[in-house]
Amino acid sequence: MSALLKASLATLAIAATVPGVTHAATLDNVKQRGAVVCGATTGFAGFSAPDAKGQWQGLDVDLCKSIAAAVFGDASKYKIVPLNSQQRFTALQSGEVDVLTRNTTVTQQRDTALGLIAAGVNFYDGQGFLVSKKLGVKSAKDLNGATICLQTGTSNENTLADWARANKVEYKPVVFDQFNEVVNAFATNRCDVFSTDASGLASIRISKLSSPDDYEVLPEIISKEPLGPFVRQGDDAWLNIVKWVFQATVNAEELGVTTANVDDQLKSTNPNIQRLLGATPGAGKNLGLDEKWAYNIIKQVGNYGESFERNVGQGSPLKIKRGLNALWTEGGLQYGLPIR
């Protein structure tokens, strides 16, 4: 076999393994299917979990609904595929789902080496520790010798190992493949500590433990865990849609545009609101969508603040404070990129 032929075959082989090369028309596929398919957690209250009627709810589900509203003008045209930590990236790479809208940390390796790319950060988080008050521990640095439950295939394993090494804390990891297995192990005292993202700990404490007041989250946050949606590399048109769908929700909150007043805001003389809602055309065309794309998101799902408060904030059982997820004007990190 000639060197040229070998090189050609090698190039084809590489191309065949890069998801973006084979999935460069996601928007067309979504439209033909009639629904956007989103990968979500297998059940994470406040972020993505089925309610008593079997309807998926949560901050990440709202993002999925928002994509459907932007593409179809109908937020109900979506499908949730529950995925655990080991399944999520393969499901996106293979085209089983169009986008991951689940608690997935944006890291350099995930954003470069998997054929995937992050499309924003919809929740700034950090890894923490959940313990029983009976343990009598007030600081994570007092956990020397503890058994710590973790889910395998997450960034939490390496983060905890790095932190423990740096702080000379020895521990015994107890790892499970499924998130619910980790929860059950902690709830039945098979380990002293549960370590995952702080948002997850708040969710577990309220929704999974029979006596939430018997448990507390320790004060230490040992990592940065910026959570957000992922899409496949090589499809910039779809990346743009997912990225700017989220940006539209942040812009709407900044501009005071809500589900309740969005129709009145169509008459606003504010040029930023006019562009956001399509009264001044252009933003929709830039994305290959109807000019009412952002209007449909806000009307049917709400702005970022509305979604946050309803699902994980003060209007929810979790009652997570906005913190880093507040708007930049309120001391947080959420900053809507200009739609113009």
# chains A, B, ... in the order shown; residues from 1 in each chain; ligands from 1
>>> select_by_dssp(residues="region 106-185 of chain A", states="alpha helix (DSSP H)", output="count of residues only")
24
>>> residues_around(residues="Lys299 (chain A)", least_positions_apart="4", cutoff="12 Å", atoms="only C-alpha atoms", output="VMD selection string")
chain A and resid 65 to 66 69 to 70 73 to 75 249 252 257 to 266 277 292 to 295 303 306
>>> atom_distance(atom1="CA of Val312 (chain A)", atom2="CA of Leu143 (chain A)")
28.4 Å
>>> select_by_dssp(residues="region 155-258 of chain A", states="strand (DSSP E)", output="compact mmCIF listing (two decimals) with N, CA and C atoms, in the first residue's frame")
# COMPACT_ATOMS: atom_id res chain seq x y z
N TYR A 171 -9.07 9.30 52.98
CA TYR A 171 -10.47 8.87 52.97
C TYR A 171 -10.59 7.59 52.17
N LYS A 172 -11.72 6.91 52.33
CA LYS A 172 -11.99 5.70 51.56
C LYS A 172 -13.13 5.98 50.60
N PRO A 173 -12.87 5.99 49.28
CA PRO A 173 -13.94 6.23 48.32
C PRO A 173 -14.86 5.03 48.18
N VAL A 174 -16.16 5.28 48.12
CA VAL A 174 -17.16 4.25 47.86
C VAL A 174 -17.90 4.70 46.60
N VAL A 175 -17.62 4.07 45.47
CA VAL A 175 -18.12 4.57 44.20
C VAL A 175 -19.19 3.66 43.61
N PHE A 176 -20.12 4.29 42.88
CA PHE A 176 -21.21 3.58 42.24
C PHE A 176 -21.41 4.15 40.84
N VAL A 193 -20.05 10.31 54.17
CA VAL A 193 -20.13 11.58 53.44
C VAL A 193 -20.60 11.33 52.02
N PHE A 194 -21.35 12.29 51.48
CA PHE A 194 -21.69 12.30 50.06
C PHE A 194 -21.01 13.53 49.48
N SER A 195 -20.22 13.33 48.43
CA SER A 195 -19.55 14.47 47.79
C SER A 195 -19.94 14.54 46.32
N THR A 196 -20.49 15.67 45.95
CA THR A 196 -20.81 15.98 44.55
C THR A 196 -20.98 17.49 44.48
N ASP A 197 -21.52 17.98 43.36
CA ASP A 197 -21.75 19.42 43.23
C ASP A 197 -22.71 19.88 44.32
N TYR A 215 -29.32 16.47 58.32
CA TYR A 215 -28.12 16.52 57.49
C TYR A 215 -27.75 17.98 57.21
N GLU A 216 -26.48 18.19 56.90
CA GLU A 216 -26.03 19.54 56.55
C GLU A 216 -24.91 19.47 55.51
N VAL A 217 -24.83 20.53 54.74
CA VAL A 217 -23.75 20.68 53.76
C VAL A 217 -22.62 21.46 54.43
N GLU A 225 -17.23 24.31 39.37
CA GLU A 225 -18.01 23.39 38.55
C GLU A 225 -19.00 24.18 37.70
N PRO A 226 -18.53 24.79 36.61
CA PRO A 226 -19.45 25.50 35.72
C PRO A 226 -20.25 24.50 34.88
N LEU A 227 -21.54 24.44 35.11
CA LEU A 227 -22.40 23.45 34.45
C LEU A 227 -23.11 24.07 33.26
N PHE A 230 -23.91 20.91 26.27
CA PHE A 230 -22.89 20.53 25.30
C PHE A 230 -23.56 20.10 24.00
N VAL A 231 -22.89 20.39 22.89
CA VAL A 231 -23.31 19.92 21.57
C VAL A 231 -22.09 19.30 20.89
N ARG A 232 -22.31 18.75 19.70
CA ARG A 232 -21.19 18.16 18.97
C ARG A 232 -20.37 19.24 18.27
>>> closest_residue(among="A:Lys79, A:Arg340, A:Arg190, A:Arg88", to="Gly153 (chain A)", atoms="only C-alpha atoms")
A:Arg88
>>> atom_distance(atom1="CA of Lys319 (chain A)", atom2="CA of Leu201 (chain A)")
12.2 Å
>>> residues_around(residues="Thr41 (chain A)", least_positions_apart="6", cutoff="6 Å", atoms="only C-alpha atoms", output="JSON, numbers by chain")
{"A": [82, 83, 102]}
>>> closest_residue(among="A:Phe308, A:Gln127, A:Gly256, A:Lys208", to="Val183 (chain A)", atoms="only C-alpha atoms")
A:Lys208
>>> closest_residue(among="A:Leu255, A:Ile206, A:Leu100, A:Ile117", to="Ser316 (chain A)", atoms="only C-alpha atoms")
A:Ile206
>>> atom_distance(atom1="CA of Glu170 (chain A)", atom2="CA of Asn156 (chain A)")
15.9 Å
>>> closest_residue(among="A:Lys285, A:Lys53, A:Arg310, A:Arg33", to="Phe72 (chain A)", atoms="only C-alpha atoms")
A:Arg33
